[in-house]
Every structure is written in C-alpha cells, then in structure tokens.
Number of protein chains: 2
Amino acid sequence: MTATPPNPLIHRLEHCVGLDSDSRAALLAAMQGRVRQIAARRDIIAEGDRTDSVTILLSGWACRTKQLEDGRRQIAGFLLPGDFCDLQMYMLNEMDHSVSSLSPAAVCEIGRDSFERLLAAAPRLVRAFVRDLLVEASIQREWVLSLGQRSALERIGHLLCELHVRLKAIGQIKAGSCAFPLTQTELADATGLSTVHVNRTLQELRAASLIVLDGHTLTIPDFDELAAAALFSPAYLHLDRPLPRPGGR
Amino acid sequence: MTATPPNPLIHRLEHCVGLDSDSRAALLAAMQGRVRQIAARRDIIAEGDRTDSVTILLSGWACRTKQLEDGRRQIAGFLLPGDFCDLQMYMLNEMDHSVSSLSPAAVCEIGRDSFERLLAAAPRLVRAFVRDLLVEASIQREWVLSLGQRSALERIGHLLCELHVRLKAIGQIKAGSCAFPLTQTELADATGLSTVHVNRTLQELRAASLIVLDGHTLTIPDFDELAAAALFSPAYLHLDRPLPRPGGR
DNA sequence: CGCGTTCTTGAGGATTGTCAATGGAAGTGG
DNA sequence: CCACTTCCATTGACAATCCTCAAGAACGCG
C-alpha cells in the first residue's frame, strides 16, 4: 500500500551500519511474527508500563507524550517507521512517558529473551542500537533549544524541517512532498503553543511560500529557504556516515 | 576542600550498580592521572569537537549549551560531579553542543583506548554507562515538558527540585541547603526565560517561602511544597533501584 | 446527509520580553 | 589598601508574543 520498504529498521541500519548478512538474518528472524496493527491515536505503550519486550514501529507515525497532572500535554518526540518505541526501557525500570500512534500503525514486538539472544548473536547491532538512542537524545536537546529560544514560526518551521529530513532518510519524500498525518493540535502539543497560534503561524508560513500544507500532504517548495527561516541545521540528526569505528576494523 | 567523595563516579555507580571489586579497580585505574582543573565559565568541550577521550566531571558544576547562529543560547542540561561530559560522542562523530563549567571544576579524561579496554574488562560497566545515558535522555524529555507546558514559576521551581534531588543523591545537600553557583542569567538560559523575568519569579518563590536563595546558597524549606507548586515528581530521574537484571543473575 | 473533529477567525487579555538605569558585590591592578 | 572595572541583581515602564474564549466554516467519516 505505502512505499515503506518491507522492513524499515533493516533498511535504515543498512544505511547506517552496513549490516553483515549474519546480523541481518538474525534481526529479521527476531522480527518474525509478533506484528501488531494499531489504529490512529491509540496508546502503543503507556507511562508506567513495565514491558518485557522491545517494540519497533514498522509503519505509520507515533509520538512520545508526557503529561502533567492537570492535563497539560507535551509531545516530546516523533517516531517514524523503523524507530524503536521503548528501547530505553530495556534498561530503565518503567516507562516515564507514553508512546501513541498518530496514524494507523504497525509495530513489531520482540520478547526480551529473543532480544537478548539477538544482541549476543550480532554484537554490531548493540552499537547500532545505542547509536539510535544517542541520536534520539540529540534530537531532544535540539527540541529543548527550540522550545527555549525559537519563536513560534521558527519552532514550527524547524519541526517541519526535521521531519522532512528524517522522512527523506527513510525514502518517504517524493518531489519535496510527504504524507503529513499531524493535526494542528498535535503540532501545538509538540511546539508548546496553542492551537490557535499554530494555525496563525502556519498561515504565516504559507503566506511566505515556505510551506504548502493542504489536507494531509506537506510540501516544502524550497527547503533551504525554510531551513534558513527556522535556523535549521541538520547536524544534530547525525545522519552523516556510519559508526566511527565498527568494532575494531 | 569540598565534601565531594574523592571519586564521585565510583560513589554513584556503587549505589546504582553495586560494583564488583574488579570493575571498581579497573575503573579507578583508568581514571588515574589525566585530571584537568578548569576555571569557572570555560568551555570544557566545544561544539564540533571530535574528542578521542571520555571526560568525567569530578567536582564543580557544568552544563550543556546549544547556541543559535544569532547568539541565542540555551542550556540543555546540568552536569554534577560524577557525570559524564561527552559519553554520547563516543558513538556519534562530533559534539552537537558544548559543555561548559559553571563553577571551578575538575575533570578526568580517559583516552579512547583505555576506555575500550575498561569496557571489555568490566562488562557490567557498559550497562551502567548506557543506563546513565538513558537517564540523561529522560531528563531531557522532562525539560521538553517544562519548556513546553510549565509556567515561569513552575519551570524554575521544577529545575530547583531536580537539582536538589540530584545533589542529594551525591551527598551534597546538608539540612536542605546546597551550594548554588548559578547566576540568574544561567537560570534564564536553562528555562528559556529572560533574566528580568527570572529575577521576578525568584522573588515570587521567595515571597511564598518556597525557597531561600541568598548569595550562593539555596535552601528549600519544605521540599514537598515546592514540588507541588512546580508539579515535580522524581520518577523521571530513575533513581530507584539498580539495574533490572545485571546480566543474568 | 448528519455529526464530530479539525480548521479558521475575531476580540481581548495575560504572561513574558525588551530597554534602560541603578546599586551593590566582587575582582583587578596599581 | 584604594580606585576602577566588571558582573550581577534589581526595578520601572512599556511592548510583543502568545493565550483564552468563543463561534462559525470546512472537512471527513459513517
């Protein structure tokens, strides 16, 4: 249906680590079965959960959300196909946030034991997975910068740039356009703005021809222009080259 | 001079992992020598650096800062004695932010080779270090929530709670008080507020008797009260018990 | 075709920022 | 040890960004 490669995690790791065929086979085997289809806007993992498996997003979009007791809600990151949902909880006791789908999604669950075996069998994957966690942490730091310093227009523009680059890396950009399932409420929760202000800021971005956002498709006519307006620079995504030194070679 | 234990990293890991004596000895050996004294408000590691060593903060406070091209500056996290400065860059190619001292500080540098040997010799440390990274990422998520949703008073109160809890964990709280080297400008950079507003908000916190902040000492007369006012809940610091399952035992 | 969700718009207001100036504390150098 | 500089905290006045409330329009789904 979509153009997502059959296994986006493997696709991504091939780019990033250069999977040897053993690792690849082991990973593929671990991911056999255990696929769960999830409707849009459902919790995939809830805050406080103690999962005994590792969950990978196969298709669709999801987000990490944190909530204050009084209901205020913040999106702390977006997950795209090929991303881990709860790898951090592999070492921490319980989820300190929730992961929710933003569109219909499919996830794959690998039991803890299978996962341990996978790591033991393919040690290069350990490095790849840790690297993933570090990139996610880097993205979170950039979000802190956005929320603390960028204006509304910069914040939204920056987020759109980030998603564009990440989508491009997984082959989901076609001629500068991509499917865009987020509502303005979700954009507001991610940027710490009110929906009203998000709406007005989007209009500003449209008026400046920096974006075309109609229905559920986002087009960025001139990426560099939007990046300049939003002070976006992709270094923090660490998309560059593979690992510094795979293991000893 | 200070009451910091001679090696705060080992002190912390003992609490968190229960170091066996081999790991402990290996870590201590790796940290021999290579100590660098740093004045207040200096870069310890600069954005763009490609370090070939791992740096540990031994004493003093430091912070991670990110900067926009036009000079706007955001503090993305605080480092206290025993924290790693640049462990993330062990797997990522180059620093995507700077680490700067906030007070006179001492750091210890472990060369990449020594560090690799250490990890190989004491595999439990690998888990402990990864856990460290994950906790830091969790703190960053909480900062995203703060910056996106909390009011000025809540943001500052929350930050003071966080620092208080972290300082307590490393034995730097005495009778509810701690040394507090941050200027209001730094608080502003960390909370995304202007210095003027930080000043006024601190006065509000003082007027409500939630904090006593004079000179360079912070006292929190009633922690629970401040925590309630700031919607602080320590779960995200993951201070609880050790690792879920050390390795197989 | 009707209902709910999402998007849009207006008006008014609150939180927070900017500019500017002052006083005190701390550090520097002669 | 004192003059001088610099940094830091504080205050006032004013402005801007962004929020809340409210209501109507458009879109999508059953």
# chains A, B, ... in the order shown; residues from 1 in each chain; ligands from 1
>>> residues_around(residues="A:Gly82", least_positions_apart="2", cutoff="7 Å", atoms="only C-alpha atoms (C1' of nucleotides)", output="PyMOL selection string")
chain A and resi 8-9+12+56-58+80+84
>>> write_last_selection(atoms="C-alpha atoms", output="PDB file, in the first residue's frame")
ATOM      1  CA  PRO A   8      12.252  -0.096   7.600  1.00  0.00           C
ATOM      2  CA  LEU A   9      14.530  -0.893  10.521  1.00  0.00           C
ATOM      3  CA  ARG A  12      17.810   2.089   7.985  1.00  0.00           C
ATOM      4  CA  ILE A  56       9.640  -1.330  16.770  1.00  0.00           C
ATOM      5  CA  LEU A  57       7.465   0.925  14.650  1.00  0.00           C
ATOM      6  CA  LEU A  58       7.077  -0.653  11.211  1.00  0.00           C
ATOM      7  CA  LEU A  80       8.796   7.271  12.175  1.00  0.00           C
ATOM      8  CA  PHE A  84      12.277   1.913  18.406  1.00  0.00           C
TER       9      PHE A  84
END
>>> select_by_dssp(residues="stretch 40-170 of chain A", states="helix (DSSP H, G or I)", output="ChimeraX atom specification")
/A:87-90,112-121,123-149,152-169
>>> closest_atom_pairs(of="chain C", to="chain A", cutoff="9 Å", atoms="only C-alpha atoms (C1' of nucleotides)", output="CSV")
residue,atom,partner,partner_atom,distance
C:DT6,C1',A:Thr183,CA,7.4
C:DC7,C1',A:Asn199,CA,7.7
C:DT8,C1',A:Asn199,CA,7.7
>>> interface_residues(of="chain D", to="chain B", cutoff="8 Å", atoms="only C-alpha atoms (C1' of nucleotides)", output="ChimeraX atom specification")
/D:8-10
>>> closest_atom_pairs(of="chain A", to="chain B", cutoff="8 Å", atoms="only C-alpha atoms", output="CSV")
residue,atom,partner,partner_atom,distance
A:Lys66,CA,B:Leu145,CA,6.7
A:Gln67,CA,B:Leu145,CA,7.8
A:Leu68,CA,B:Leu231,CA,7.2
A:Glu69,CA,B:Leu231,CA,7.5
A:Arg72,CA,B:Gln149,CA,6.5
A:Arg73,CA,B:Gln149,CA,7.2
A:Gln74,CA,B:Leu145,CA,5.6
A:Ile75,CA,B:Leu145,CA,7.8
A:Ala76,CA,B:Arg141,CA,6.0
A:Gln88,CA,B:Leu134,CA,6.1
A:Met91,CA,B:Arg131,CA,6.1
A:Leu92,CA,B:Arg131,CA,6.9
A:Asn93,CA,B:Pro244,CA,6.3
A:Asp96,CA,B:Tyr236,CA,5.8
A:Arg127,CA,B:Met91,CA,7.8
A:Val130,CA,B:Val130,CA,7.8
A:Arg131,CA,B:Met91,CA,6.1
A:Leu133,CA,B:Leu134,CA,7.8
A:Leu134,CA,B:Gln88,CA,6.1
A:Val135,CA,B:Leu92,CA,7.9
A:Ala137,CA,B:Ala137,CA,5.3
A:Ser138,CA,B:Asp96,CA,7.5
A:Gln140,CA,B:Gln140,CA,6.3
A:Arg141,CA,B:Ala76,CA,6.0
A:Glu142,CA,B:Lys66,CA,7.8
A:Trp143,CA,B:Val144,CA,6.8
A:Val144,CA,B:Val144,CA,5.5
A:Leu145,CA,B:Gln74,CA,5.6
A:Leu147,CA,B:Leu147,CA,5.8
A:Gly148,CA,B:Gly192,CA,4.0
A:Gln149,CA,B:Gly192,CA,6.1
A:Asp189,CA,B:Gly148,CA,7.9
A:Ala190,CA,B:Gly148,CA,7.8
A:Thr191,CA,B:Gly148,CA,6.6
A:Gly192,CA,B:Gly148,CA,4.0
A:Leu193,CA,B:Gly148,CA,7.5
A:Leu231,CA,B:Leu68,CA,7.2
A:Ala235,CA,B:Asp96,CA,7.0
A:Tyr236,CA,B:Asp96,CA,5.7
A:His238,CA,B:Leu92,CA,7.1
A:Leu243,CA,B:Met91,CA,6.6
A:Pro244,CA,B:Asn93,CA,6.3
>>> write_last_selection(atoms="N, CA and C atoms", output="compact mmCIF listing (two decimals), in the first residue's frame")
# COMPACT_ATOMS: atom_id res chain seq x y z
N LYS A 66 4.31 13.30 27.18
CA LYS A 66 4.36 13.39 28.65
C LYS A 66 3.20 14.26 29.08
N GLN A 67 2.71 14.00 30.26
CA GLN A 67 1.55 14.74 30.71
C GLN A 67 1.74 15.24 32.13
N LEU A 68 1.20 16.42 32.40
CA LEU A 68 1.20 16.96 33.75
C LEU A 68 -0.10 16.52 34.43
N GLU A 69 -0.06 16.48 35.74
CA GLU A 69 -1.25 16.01 36.49
C GLU A 69 -2.52 16.75 36.07
N ARG A 72 -2.19 19.17 31.14
CA ARG A 72 -1.33 19.74 30.09
C ARG A 72 -0.48 18.63 29.50
N ARG A 73 -0.30 18.69 28.19
CA ARG A 73 0.28 17.55 27.49
C ARG A 73 1.37 18.04 26.56
N GLN A 74 2.47 17.32 26.50
CA GLN A 74 3.57 17.72 25.63
C GLN A 74 4.04 16.52 24.82
N ILE A 75 4.19 16.74 23.54
CA ILE A 75 4.82 15.72 22.70
C ILE A 75 6.33 15.94 22.77
N ALA A 76 7.06 14.90 23.09
CA ALA A 76 8.50 15.05 23.31
C ALA A 76 9.32 14.47 22.17
N GLN A 88 14.65 2.40 25.39
CA GLN A 88 15.21 2.94 26.65
C GLN A 88 14.76 2.14 27.86
N MET A 91 16.57 -0.83 29.82
CA MET A 91 17.47 -0.72 30.97
C MET A 91 16.90 0.09 32.13
N LEU A 92 15.87 0.87 31.83
CA LEU A 92 15.24 1.63 32.91
C LEU A 92 14.02 0.81 33.36
N ASN A 93 13.60 1.00 34.58
CA ASN A 93 12.57 0.09 35.06
C ASN A 93 11.21 0.28 34.40
N ASP A 96 8.65 6.29 31.50
CA ASP A 96 8.41 7.58 32.10
C ASP A 96 7.58 8.47 31.16
N ARG A 127 25.87 -1.74 19.08
CA ARG A 127 26.37 -0.41 18.79
C ARG A 127 25.38 0.39 17.97
N VAL A 130 22.55 1.45 20.32
CA VAL A 130 22.97 2.51 21.24
C VAL A 130 23.08 3.83 20.47
N ARG A 131 23.60 3.72 19.29
CA ARG A 131 23.71 4.93 18.47
C ARG A 131 22.33 5.55 18.23
N LEU A 133 19.79 5.44 20.17
CA LEU A 133 19.37 6.11 21.40
C LEU A 133 20.06 7.46 21.53
N LEU A 134 21.31 7.50 21.14
CA LEU A 134 22.06 8.75 21.26
C LEU A 134 21.55 9.80 20.30
N VAL A 135 21.20 9.36 19.11
CA VAL A 135 20.65 10.32 18.14
C VAL A 135 19.33 10.86 18.66
N ALA A 137 18.49 11.22 21.72
CA ALA A 137 18.80 12.17 22.79
C ALA A 137 19.25 13.50 22.20
N SER A 138 20.00 13.43 21.12
CA SER A 138 20.46 14.66 20.47
C SER A 138 19.27 15.45 19.93
N GLN A 140 16.31 15.42 21.14
CA GLN A 140 15.64 16.01 22.29
C GLN A 140 16.35 17.28 22.75
N ARG A 141 17.67 17.28 22.70
CA ARG A 141 18.39 18.51 23.06
C ARG A 141 18.03 19.63 22.11
N GLU A 142 17.92 19.31 20.85
CA GLU A 142 17.55 20.34 19.88
C GLU A 142 16.14 20.85 20.16
N TRP A 143 15.28 19.98 20.59
CA TRP A 143 13.92 20.41 20.95
C TRP A 143 13.96 21.35 22.14
N VAL A 144 14.83 21.07 23.08
CA VAL A 144 14.97 21.98 24.22
C VAL A 144 15.38 23.36 23.72
N LEU A 145 16.31 23.38 22.79
CA LEU A 145 16.72 24.66 22.19
C LEU A 145 15.53 25.34 21.50
N LEU A 147 12.27 24.95 22.02
CA LEU A 147 11.23 25.41 22.95
C LEU A 147 11.71 26.58 23.78
N GLY A 148 13.01 26.58 24.08
CA GLY A 148 13.52 27.66 24.92
C GLY A 148 13.79 28.94 24.17
N GLN A 149 14.21 28.83 22.91
CA GLN A 149 14.72 30.03 22.23
C GLN A 149 14.02 30.40 20.94
N ASP A 189 0.92 20.64 20.59
CA ASP A 189 1.47 19.89 21.72
C ASP A 189 2.97 19.68 21.57
N ALA A 190 3.44 19.59 20.35
CA ALA A 190 4.87 19.36 20.14
C ALA A 190 5.68 20.64 20.29
N THR A 191 5.08 21.77 19.97
CA THR A 191 5.83 23.02 19.98
C THR A 191 5.55 23.87 21.21
N GLY A 192 4.65 23.40 22.07
CA GLY A 192 4.34 24.18 23.26
C GLY A 192 3.55 25.44 22.98
N LEU A 193 2.81 25.44 21.87
CA LEU A 193 2.00 26.60 21.51
C LEU A 193 0.52 26.23 21.61
N LEU A 231 16.19 28.59 11.24
CA LEU A 231 17.52 28.34 11.82
C LEU A 231 17.74 26.83 11.99
N ALA A 235 22.87 18.99 11.52
CA ALA A 235 23.97 18.28 12.18
C ALA A 235 23.49 17.42 13.35
N TYR A 236 22.52 17.93 14.10
CA TYR A 236 22.08 17.22 15.31
C TYR A 236 21.41 15.88 15.01
N HIS A 238 22.67 13.69 13.04
CA HIS A 238 23.77 12.72 12.90
C HIS A 238 23.48 11.70 11.80
N LEU A 243 29.04 4.33 11.78
CA LEU A 243 29.70 4.40 13.08
C LEU A 243 31.16 4.79 12.89
N PRO A 244 31.72 5.46 13.88
CA PRO A 244 33.11 5.89 13.80
C PRO A 244 34.05 4.72 13.55
>>> closest_residue(among="B:Leu27, B:Glu154, B:Ser100, B:Pro6", to="B:Phe129", atoms="only C-alpha atoms")
B:Leu27
>>> residues_around(residues="stretch 10-13 of chain C", least_positions_apart="2", cutoff="10 Å", atoms="only C-alpha atoms (C1' of nucleotides)", output="count of residues only")
6
>>> closest_residue(among="A:Ile38, A:Ala105, A:Val165, A:Leu28", to="A:Pro181", atoms="only C-alpha atoms")
A:Ala105
>>> residues_around(residues="B:Lys174", least_positions_apart="3", cutoff="12 Å", atoms="only C-alpha atoms (C1' of nucleotides)", output="NGL selection string")
:B and (3 or 164 or 167-171 or 177-179 or 217-221)
>>> write_last_selection(atoms="N, CA and C atoms", output="PDB file, in the first residue's frame")
ATOM      1  N   ALA B   3      33.100  18.553  50.217  1.00  0.00           N
ATOM      2  CA  ALA B   3      32.741  17.273  50.822  1.00  0.00           C
ATOM      3  C   ALA B   3      32.483  16.212  49.755  1.00  0.00           C
ATOM      4  N   HIS B 164      18.069  19.745  43.365  1.00  0.00           N
ATOM      5  CA  HIS B 164      18.102  19.352  44.769  1.00  0.00           C
ATOM      6  C   HIS B 164      18.157  17.831  44.905  1.00  0.00           C
ATOM      7  N   LEU B 167      21.504  16.509  43.671  1.00  0.00           N
ATOM      8  CA  LEU B 167      22.581  16.813  44.614  1.00  0.00           C
ATOM      9  C   LEU B 167      22.485  15.930  45.849  1.00  0.00           C
ATOM     10  N   LYS B 168      21.273  15.678  46.275  1.00  0.00           N
ATOM     11  CA  LYS B 168      21.081  14.817  47.439  1.00  0.00           C
ATOM     12  C   LYS B 168      21.645  13.431  47.161  1.00  0.00           C
ATOM     13  N   ALA B 169      21.421  12.963  45.930  1.00  0.00           N
ATOM     14  CA  ALA B 169      21.878  11.622  45.569  1.00  0.00           C
ATOM     15  C   ALA B 169      23.398  11.511  45.606  1.00  0.00           C
ATOM     16  N   ILE B 170      24.080  12.643  45.475  1.00  0.00           N
ATOM     17  CA  ILE B 170      25.549  12.573  45.539  1.00  0.00           C
ATOM     18  C   ILE B 170      26.050  13.211  46.834  1.00  0.00           C
ATOM     19  N   GLY B 171      25.153  13.348  47.805  1.00  0.00           N
ATOM     20  CA  GLY B 171      25.573  13.768  49.143  1.00  0.00           C
ATOM     21  C   GLY B 171      25.990  15.220  49.235  1.00  0.00           C
ATOM     22  N   SER B 177      20.039  22.437  52.393  1.00  0.00           N
ATOM     23  CA  SER B 177      20.766  23.506  51.699  1.00  0.00           C
ATOM     24  C   SER B 177      21.867  22.955  50.815  1.00  0.00           C
ATOM     25  N   CYS B 178      22.185  23.712  49.795  1.00  0.00           N
ATOM     26  CA  CYS B 178      23.316  23.338  48.958  1.00  0.00           C
ATOM     27  C   CYS B 178      23.971  24.587  48.394  1.00  0.00           C
ATOM     28  N   ALA B 179      25.203  24.423  48.006  1.00  0.00           N
ATOM     29  CA  ALA B 179      25.880  25.490  47.272  1.00  0.00           C
ATOM     30  C   ALA B 179      25.183  25.635  45.935  1.00  0.00           C
ATOM     31  N   THR B 217      23.860  30.220  48.101  1.00  0.00           N
ATOM     32  CA  THR B 217      23.337  29.057  48.808  1.00  0.00           C
ATOM     33  C   THR B 217      21.833  28.964  48.588  1.00  0.00           C
ATOM     34  N   LEU B 218      21.402  27.777  48.223  1.00  0.00           N
ATOM     35  CA  LEU B 218      19.972  27.545  48.035  1.00  0.00           C
ATOM     36  C   LEU B 218      19.453  26.673  49.164  1.00  0.00           C
ATOM     37  N   THR B 219      18.356  27.093  49.779  1.00  0.00           N
ATOM     38  CA  THR B 219      17.696  26.264  50.781  1.00  0.00           C
ATOM     39  C   THR B 219      16.248  26.069  50.360  1.00  0.00           C
ATOM     40  N   ILE B 220      15.783  24.848  50.478  1.00  0.00           N
ATOM     41  CA  ILE B 220      14.373  24.551  50.197  1.00  0.00           C
ATOM     42  C   ILE B 220      13.744  24.153  51.526  1.00  0.00           C
ATOM     43  N   PRO B 221      13.008  25.075  52.138  1.00  0.00           N
ATOM     44  CA  PRO B 221      12.491  24.809  53.490  1.00  0.00           C
ATOM     45  C   PRO B 221      11.552  23.613  53.516  1.00  0.00           C
TER      46      PRO B 221
END
>>> residues_around(residues="A:Ile45", least_positions_apart="4", cutoff="7 Å", atoms="only C-alpha atoms (C1' of nucleotides)", output="PyMOL selection string")
chain A and resi 49+98-100
>>> atom_distance(atom1="atom CA of B:Arg206", atom2="atom CA of B:Leu159")
15.1 Å
>>> residues_around(residues="D:DC2", least_positions_apart="6", cutoff="12 Å", atoms="only C-alpha atoms (C1' of nucleotides)", output="ChimeraX atom specification")
/C:28-30
>>> decode(residues="chain D", atoms="C-alpha atoms (C1' of nucleotides)", output="CSV table (one decimal), in the first residue's frame")
chain,number,residue,atom,x,y,z
D,1,DC,C1',44.5,49.4,50.5
D,2,DC,C1',42.0,52.1,47.4
D,3,DA,C1',40.3,53.5,42.7
D,4,DC,C1',38.5,51.2,38.9
D,5,DT,C1',36.2,48.0,36.2
D,6,DT,C1',33.0,44.4,35.6
D,7,DC,C1',29.5,41.4,36.6
D,8,DC,C1',25.3,40.5,38.9
D,9,DA,C1',20.8,41.6,41.0
D,10,DT,C1',17.0,44.6,41.0
D,11,DT,C1',13.4,47.9,39.5
D,12,DG,C1',10.2,50.6,36.3
D,13,DA,C1',7.9,51.4,32.1
D,14,DC,C1',6.3,49.7,28.0
D,15,DA,C1',5.7,46.4,24.2
D,16,DA,C1',5.2,42.0,21.9
D,17,DT,C1',4.2,37.4,21.6
D,18,DC,C1',1.3,34.2,22.6
D,19,DC,C1',-3.1,32.6,25.1
D,20,DT,C1',-8.0,32.1,26.2
D,21,DC,C1',-12.6,32.3,25.0
D,22,DA,C1',-15.9,31.9,21.6
D,23,DA,C1',-18.1,31.0,17.5
D,24,DG,C1',-18.5,29.8,12.7
D,25,DA,C1',-16.8,27.1,8.5
D,26,DA,C1',-14.9,23.2,6.3
D,27,DC,C1',-13.7,18.6,6.1
D,28,DG,C1',-14.1,13.7,6.8
D,29,DC,C1',-16.4,9.6,8.3
D,30,DG,C1',-20.2,6.5,9.0
